[in-house]
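As provided, run22.txt (compact mmCIF, N, CA, C and O atoms) reads as follows.
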# COMPACT_ATOMS: atom_id res chain seq x y z
N MET B 124 -36.00 16.83 -3.49
CA MET B 124 -36.07 15.37 -3.46
C MET B 124 -35.20 14.75 -4.56
O MET B 124 -34.57 13.73 -4.34
N GLU B 125 -35.20 15.40 -5.70
CA GLU B 125 -34.42 14.88 -6.83
C GLU B 125 -32.92 14.93 -6.53
O GLU B 125 -32.19 14.01 -6.87
N LEU B 126 -32.49 15.98 -5.84
CA LEU B 126 -31.07 16.12 -5.50
C LEU B 126 -30.65 15.01 -4.53
O LEU B 126 -29.56 14.43 -4.67
N ILE B 127 -31.49 14.69 -3.58
CA ILE B 127 -31.18 13.64 -2.62
C ILE B 127 -31.06 12.29 -3.34
O ILE B 127 -30.14 11.51 -3.06
N THR B 128 -31.94 12.02 -4.28
CA THR B 128 -31.89 10.78 -5.04
C THR B 128 -30.60 10.68 -5.83
O THR B 128 -29.95 9.63 -5.85
N ILE B 129 -30.20 11.78 -6.45
CA ILE B 129 -28.95 11.79 -7.23
C ILE B 129 -27.75 11.53 -6.32
O ILE B 129 -26.86 10.76 -6.66
N ILE B 130 -27.74 12.15 -5.16
CA ILE B 130 -26.63 11.96 -4.22
C ILE B 130 -26.56 10.52 -3.73
O ILE B 130 -25.48 9.91 -3.69
N VAL B 131 -27.71 9.94 -3.39
CA VAL B 131 -27.73 8.56 -2.89
C VAL B 131 -27.29 7.59 -3.98
O VAL B 131 -26.47 6.69 -3.74
N VAL B 132 -27.80 7.76 -5.20
CA VAL B 132 -27.42 6.87 -6.30
C VAL B 132 -25.93 7.02 -6.60
O VAL B 132 -25.24 6.02 -6.81
N SER B 133 -25.42 8.24 -6.60
CA SER B 133 -23.99 8.46 -6.85
C SER B 133 -23.14 7.78 -5.79
O SER B 133 -22.10 7.18 -6.09
N ALA B 134 -23.57 7.88 -4.54
CA ALA B 134 -22.82 7.25 -3.45
C ALA B 134 -22.81 5.74 -3.61
O ALA B 134 -21.76 5.09 -3.46
N ILE B 135 -23.95 5.17 -3.94
CA ILE B 135 -24.03 3.70 -4.11
C ILE B 135 -23.16 3.25 -5.27
O ILE B 135 -22.40 2.27 -5.15
N VAL B 136 -23.22 3.96 -6.39
CA VAL B 136 -22.40 3.60 -7.55
C VAL B 136 -20.92 3.72 -7.21
O VAL B 136 -20.11 2.86 -7.57
N SER B 137 -20.54 4.78 -6.51
CA SER B 137 -19.14 4.97 -6.12
C SER B 137 -18.66 3.84 -5.22
O SER B 137 -17.54 3.34 -5.37
N ILE B 138 -19.49 3.43 -4.28
CA ILE B 138 -19.12 2.33 -3.37
C ILE B 138 -18.95 1.03 -4.15
O ILE B 138 -17.99 0.29 -3.93
N ILE B 139 -19.86 0.76 -5.07
CA ILE B 139 -19.76 -0.47 -5.87
C ILE B 139 -18.49 -0.47 -6.71
O ILE B 139 -17.75 -1.45 -6.73
N ILE B 140 -18.22 0.64 -7.39
CA ILE B 140 -17.01 0.73 -8.23
C ILE B 140 -15.77 0.60 -7.36
O ILE B 140 -14.82 -0.10 -7.71
N GLY B 141 -15.76 1.27 -6.21
CA GLY B 141 -14.61 1.18 -5.30
C GLY B 141 -14.36 -0.24 -4.82
O GLY B 141 -13.22 -0.69 -4.73
N ASN B 142 -15.44 -0.96 -4.51
CA ASN B 142 -15.29 -2.35 -4.05
C ASN B 142 -14.76 -3.25 -5.16
O ASN B 142 -13.94 -4.13 -4.90
N ILE B 143 -15.23 -3.04 -6.38
CA ILE B 143 -14.75 -3.86 -7.50
C ILE B 143 -13.26 -3.62 -7.74
O ILE B 143 -12.48 -4.57 -7.87
N ILE B 144 -12.86 -2.35 -7.75
CA ILE B 144 -11.45 -2.02 -7.97
C ILE B 144 -10.60 -2.53 -6.80
O ILE B 144 -9.52 -3.08 -7.00
N GLY B 145 -11.10 -2.36 -5.58
CA GLY B 145 -10.37 -2.82 -4.41
C GLY B 145 -10.17 -4.33 -4.42
O GLY B 145 -9.08 -4.82 -4.12
N ALA B 146 -11.21 -5.07 -4.78
CA ALA B 146 -11.10 -6.52 -4.84
C ALA B 146 -10.09 -6.95 -5.89
O ALA B 146 -9.32 -7.89 -5.69
N TYR B 147 -10.06 -6.25 -7.02
CA TYR B 147 -9.11 -6.57 -8.09
C TYR B 147 -7.67 -6.40 -7.59
O TYR B 147 -6.83 -7.29 -7.75
N TYR B 148 -7.38 -5.26 -6.95
CA TYR B 148 -6.02 -5.02 -6.49
C TYR B 148 -5.63 -5.94 -5.34
O TYR B 148 -4.47 -6.34 -5.22
N LEU B 149 -6.58 -6.28 -4.47
CA LEU B 149 -6.28 -7.25 -3.42
C LEU B 149 -5.88 -8.59 -4.01
O LEU B 149 -4.93 -9.24 -3.55
N LYS B 150 -6.59 -9.02 -5.04
CA LYS B 150 -6.27 -10.29 -5.69
C LYS B 150 -4.90 -10.23 -6.35
O LYS B 150 -4.10 -11.17 -6.24
N GLU B 151 -4.59 -9.12 -7.02
CA GLU B 151 -3.28 -8.96 -7.67
C GLU B 151 -2.16 -9.02 -6.64
O GLU B 151 -1.16 -9.71 -6.84
N ASN B 152 -2.31 -8.29 -5.54
CA ASN B 152 -1.27 -8.29 -4.51
C ASN B 152 -1.15 -9.66 -3.85
O ASN B 152 -0.05 -10.09 -3.50
N ASP B 153 -2.27 -10.36 -3.68
CA ASP B 153 -2.23 -11.69 -3.10
C ASP B 153 -1.42 -12.63 -3.99
O ASP B 153 -0.59 -13.40 -3.50
N ASN B 154 -1.61 -12.55 -5.30
CA ASN B 154 -0.85 -13.39 -6.23
C ASN B 154 0.63 -13.06 -6.18
O ASN B 154 1.48 -13.96 -6.24
N LYS B 155 0.96 -11.78 -6.05
CA LYS B 155 2.38 -11.39 -5.97
C LYS B 155 3.02 -11.93 -4.69
O LYS B 155 4.14 -12.41 -4.71
N TRP B 156 2.28 -11.83 -3.57
CA TRP B 156 2.82 -12.34 -2.32
C TRP B 156 2.97 -13.85 -2.33
O TRP B 156 3.90 -14.39 -1.74
N LYS B 157 2.06 -14.54 -3.02
CA LYS B 157 2.21 -16.00 -3.14
C LYS B 157 3.49 -16.34 -3.88
O LYS B 157 4.20 -17.27 -3.50
N GLU B 158 3.80 -15.59 -4.92
CA GLU B 158 5.02 -15.83 -5.69
C GLU B 158 6.26 -15.54 -4.83
O GLU B 158 7.21 -16.33 -4.83
N VAL B 159 6.24 -14.45 -4.09
CA VAL B 159 7.37 -14.12 -3.20
C VAL B 159 7.54 -15.21 -2.15
O VAL B 159 8.67 -15.66 -1.88
N PHE B 160 6.45 -15.66 -1.54
CA PHE B 160 6.52 -16.71 -0.52
C PHE B 160 7.08 -17.99 -1.12
O PHE B 160 7.91 -18.67 -0.49
N TYR B 161 6.66 -18.34 -2.33
CA TYR B 161 7.17 -19.53 -3.00
C TYR B 161 8.68 -19.44 -3.21
O TYR B 161 9.41 -20.40 -2.95
N GLN B 162 9.15 -18.28 -3.67
CA GLN B 162 10.58 -18.10 -3.91
C GLN B 162 11.37 -18.19 -2.61
O GLN B 162 12.43 -18.83 -2.56
N ILE B 163 10.86 -17.57 -1.55
CA ILE B 163 11.55 -17.63 -0.26
C ILE B 163 11.60 -19.07 0.24
O ILE B 163 12.63 -19.52 0.76
N THR B 164 10.51 -19.80 0.08
CA THR B 164 10.46 -21.20 0.52
C THR B 164 11.48 -22.03 -0.25
O THR B 164 12.20 -22.85 0.36
N GLU B 165 11.57 -21.84 -1.55
CA GLU B 165 12.54 -22.59 -2.36
C GLU B 165 13.98 -22.29 -1.92
O GLU B 165 14.78 -23.21 -1.77
N ILE B 166 14.28 -21.04 -1.70
CA ILE B 166 15.63 -20.66 -1.26
C ILE B 166 15.94 -21.29 0.09
O ILE B 166 17.03 -21.84 0.30
N THR B 167 14.99 -21.22 1.02
CA THR B 167 15.19 -21.78 2.35
C THR B 167 15.41 -23.29 2.29
O THR B 167 16.33 -23.82 2.93
N ILE B 168 14.61 -23.98 1.50
CA ILE B 168 14.76 -25.44 1.37
C ILE B 168 16.13 -25.77 0.79
O ILE B 168 16.82 -26.69 1.27
N ASN B 169 16.56 -25.04 -0.22
CA ASN B 169 17.88 -25.29 -0.82
C ASN B 169 19.01 -25.04 0.17
O ASN B 169 19.98 -25.80 0.22
N GLU B 170 18.89 -23.99 0.98
CA GLU B 170 19.92 -23.71 1.98
C GLU B 170 19.98 -24.79 3.05
O GLU B 170 21.06 -25.20 3.48
N VAL B 171 18.81 -25.28 3.48
CA VAL B 171 18.78 -26.35 4.48
C VAL B 171 19.41 -27.62 3.91
O VAL B 171 20.18 -28.31 4.59
N LYS B 172 19.13 -27.91 2.66
CA LYS B 172 19.74 -29.09 2.01
C LYS B 172 21.26 -28.96 1.96
O LYS B 172 21.97 -29.94 2.19
N LYS B 173 21.76 -27.76 1.66
CA LYS B 173 23.20 -27.55 1.61
C LYS B 173 23.83 -27.80 2.97
O LYS B 173 24.89 -28.42 3.09
N ILE B 174 23.18 -27.30 4.01
CA ILE B 174 23.69 -27.48 5.37
C ILE B 174 23.68 -28.95 5.77
O ILE B 174 24.62 -29.46 6.37
N LYS B 175 22.60 -29.65 5.42
CA LYS B 175 22.50 -31.09 5.74
C LYS B 175 23.58 -31.88 5.03
O LYS B 175 24.14 -32.82 5.61
N ASN B 176 23.88 -31.55 3.77
CA ASN B 176 24.86 -32.28 3.02
C ASN B 176 26.29 -32.04 3.53
O ASN B 176 27.16 -32.88 3.38
N ARG B 177 26.54 -30.89 4.15
CA ARG B 177 27.87 -30.60 4.71
C ARG B 177 28.13 -31.43 5.97
O ARG B 177 29.24 -31.80 6.24
N GLY B 178 27.02 -31.66 6.74
CA GLY B 178 27.19 -32.30 8.04
C GLY B 178 27.24 -33.76 8.03
O GLY B 178 27.60 -34.67 7.50

Starting from the file, lay out its structure as structure tokens.
Amino acid sequence: MELITIIVVSAIVSIIIGNIIGAYYLKENDNKWKEVFYQITEITINEVKKIKNRG
């Protein structure tokens, strides 16, 4: 019975730690993608302005 309790507690702790680490990295990647999207948007807007000014 004691072995089963240890296994269950270990599994629960592992899941909790995994979720915390996973949430952290998801947030980090989300912030990086927001920055990339912002840069792409700025470049696109500048290119459209250049084209409009030529015409």

> Between atom C of Ile139 in chain B and CA of Glu158 in chain B, what is the distance, to one decimal in Å?
Replying inline: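 Distance between the two atoms: 28.1 Å.
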
> In Å, with one decimal, what is the gap from atom N of Phe160 in chain B to atom O of Ala146 in chain B?
Replying inline: 18.1 Å

> CA of Ser133 in chain B to atom N of Tyr148 in chain B: how many Å, to one decimal?
Replying inline: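 It comes out at 21.5 Å.
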
Please, could all heavy atoms be added to range 143-154 of chain B and the result written as an mmCIF file, in the frame of the given file?
data_model
loop_
_atom_site.group_PDB
_atom_site.id
_atom_site.type_symbol
_atom_site.label_atom_id
_atom_site.label_comp_id
_atom_site.auth_asym_id
_atom_site.auth_seq_id
_atom_site.Cartn_x
_atom_site.Cartn_y
_atom_site.Cartn_z
ATOM 1 N N ILE B 143 -15.230 -3.040 -6.380
ATOM 2 C CA ILE B 143 -14.750 -3.860 -7.500
ATOM 3 C C ILE B 143 -13.260 -3.620 -7.740
ATOM 4 O O ILE B 143 -12.480 -4.570 -7.870
ATOM 5 C CB ILE B 143 -15.571 -3.566 -8.770
ATOM 6 C CG1 ILE B 143 -16.995 -4.089 -8.595
ATOM 7 C CG2 ILE B 143 -14.917 -4.174 -10.002
ATOM 8 C CD1 ILE B 143 -17.959 -3.636 -9.680
ATOM 9 N N ILE B 144 -12.860 -2.350 -7.750
ATOM 10 C CA ILE B 144 -11.450 -2.020 -7.970
ATOM 11 C C ILE B 144 -10.600 -2.530 -6.800
ATOM 12 O O ILE B 144 -9.520 -3.080 -7.000
ATOM 13 C CB ILE B 144 -11.281 -0.507 -8.167
ATOM 14 C CG1 ILE B 144 -11.925 -0.094 -9.498
ATOM 15 C CG2 ILE B 144 -9.811 -0.100 -8.134
ATOM 16 C CD1 ILE B 144 -12.014 1.405 -9.713
ATOM 17 N N GLY B 145 -11.100 -2.360 -5.580
ATOM 18 C CA GLY B 145 -10.370 -2.820 -4.410
ATOM 19 C C GLY B 145 -10.170 -4.330 -4.420
ATOM 20 O O GLY B 145 -9.080 -4.820 -4.120
ATOM 21 N N ALA B 146 -11.210 -5.070 -4.780
ATOM 22 C CA ALA B 146 -11.100 -6.520 -4.840
ATOM 23 C C ALA B 146 -10.090 -6.950 -5.890
ATOM 24 O O ALA B 146 -9.320 -7.890 -5.690
ATOM 25 C CB ALA B 146 -12.468 -7.144 -5.131
ATOM 26 N N TYR B 147 -10.060 -6.250 -7.020
ATOM 27 C CA TYR B 147 -9.110 -6.570 -8.090
ATOM 28 C C TYR B 147 -7.670 -6.400 -7.590
ATOM 29 O O TYR B 147 -6.830 -7.290 -7.750
ATOM 30 C CB TYR B 147 -9.353 -5.666 -9.300
ATOM 31 C CG TYR B 147 -8.278 -5.770 -10.350
ATOM 32 C CD1 TYR B 147 -8.244 -6.851 -11.217
ATOM 33 C CD2 TYR B 147 -7.297 -4.796 -10.457
ATOM 34 C CE1 TYR B 147 -7.258 -6.953 -12.182
ATOM 35 C CE2 TYR B 147 -6.301 -4.893 -11.414
ATOM 36 C CZ TYR B 147 -6.280 -5.966 -12.280
ATOM 37 O OH TYR B 147 -5.294 -6.062 -13.213
ATOM 38 N N TYR B 148 -7.380 -5.260 -6.950
ATOM 39 C CA TYR B 148 -6.020 -5.020 -6.490
ATOM 40 C C TYR B 148 -5.630 -5.940 -5.340
ATOM 41 O O TYR B 148 -4.470 -6.340 -5.220
ATOM 42 C CB TYR B 148 -5.818 -3.553 -6.122
ATOM 43 C CG TYR B 148 -5.619 -2.699 -7.357
ATOM 44 C CD1 TYR B 148 -6.585 -1.815 -7.787
ATOM 45 C CD2 TYR B 148 -4.464 -2.828 -8.117
ATOM 46 C CE1 TYR B 148 -6.420 -1.062 -8.930
ATOM 47 C CE2 TYR B 148 -4.275 -2.087 -9.263
ATOM 48 C CZ TYR B 148 -5.251 -1.203 -9.661
ATOM 49 O OH TYR B 148 -5.075 -0.473 -10.797
ATOM 50 N N LEU B 149 -6.580 -6.280 -4.470
ATOM 51 C CA LEU B 149 -6.280 -7.250 -3.420
ATOM 52 C C LEU B 149 -5.880 -8.590 -4.010
ATOM 53 O O LEU B 149 -4.930 -9.240 -3.550
ATOM 54 C CB LEU B 149 -7.478 -7.425 -2.489
ATOM 55 C CG LEU B 149 -7.696 -6.345 -1.449
ATOM 56 C CD1 LEU B 149 -9.003 -6.569 -0.714
ATOM 57 C CD2 LEU B 149 -6.546 -6.291 -0.473
ATOM 58 N N LYS B 150 -6.590 -9.020 -5.040
ATOM 59 C CA LYS B 150 -6.270 -10.290 -5.690
ATOM 60 C C LYS B 150 -4.900 -10.230 -6.350
ATOM 61 O O LYS B 150 -4.100 -11.170 -6.240
ATOM 62 C CB LYS B 150 -7.339 -10.625 -6.723
ATOM 63 C CG LYS B 150 -7.128 -11.957 -7.386
ATOM 64 C CD LYS B 150 -8.226 -12.271 -8.369
ATOM 65 C CE LYS B 150 -7.943 -13.581 -9.067
ATOM 66 N NZ LYS B 150 -8.919 -13.887 -10.086
ATOM 67 N N GLU B 151 -4.590 -9.120 -7.020
ATOM 68 C CA GLU B 151 -3.280 -8.960 -7.670
ATOM 69 C C GLU B 151 -2.160 -9.020 -6.640
ATOM 70 O O GLU B 151 -1.160 -9.710 -6.840
ATOM 71 C CB GLU B 151 -3.225 -7.642 -8.445
ATOM 72 C CG GLU B 151 -4.028 -7.630 -9.708
ATOM 73 C CD GLU B 151 -3.531 -8.636 -10.731
ATOM 74 O OE1 GLU B 151 -2.325 -8.674 -11.001
ATOM 75 O OE2 GLU B 151 -4.375 -9.388 -11.255
ATOM 76 N N ASN B 152 -2.310 -8.290 -5.540
ATOM 77 C CA ASN B 152 -1.270 -8.290 -4.510
ATOM 78 C C ASN B 152 -1.150 -9.660 -3.850
ATOM 79 O O ASN B 152 -0.050 -10.090 -3.500
ATOM 80 C CB ASN B 152 -1.558 -7.223 -3.454
ATOM 81 C CG ASN B 152 -1.231 -5.837 -3.948
ATOM 82 O OD1 ASN B 152 -0.384 -5.669 -4.826
ATOM 83 N ND2 ASN B 152 -1.893 -4.847 -3.417
ATOM 84 N N ASP B 153 -2.270 -10.360 -3.680
ATOM 85 C CA ASP B 153 -2.230 -11.690 -3.100
ATOM 86 C C ASP B 153 -1.420 -12.630 -3.990
ATOM 87 O O ASP B 153 -0.590 -13.400 -3.500
ATOM 88 C CB ASP B 153 -3.651 -12.233 -2.918
ATOM 89 C CG ASP B 153 -3.671 -13.557 -2.176
ATOM 90 O OD1 ASP B 153 -3.001 -13.666 -1.131
ATOM 91 O OD2 ASP B 153 -4.362 -14.474 -2.648
ATOM 92 N N ASN B 154 -1.610 -12.550 -5.300
ATOM 93 C CA ASN B 154 -0.850 -13.390 -6.230
ATOM 94 C C ASN B 154 0.630 -13.060 -6.180
ATOM 95 O O ASN B 154 1.480 -13.960 -6.240
ATOM 96 C CB ASN B 154 -1.396 -13.238 -7.658
ATOM 97 C CG ASN B 154 -2.763 -13.862 -7.820
ATOM 98 O OD1 ASN B 154 -3.161 -14.722 -7.053
ATOM 99 N ND2 ASN B 154 -3.496 -13.418 -8.816
#
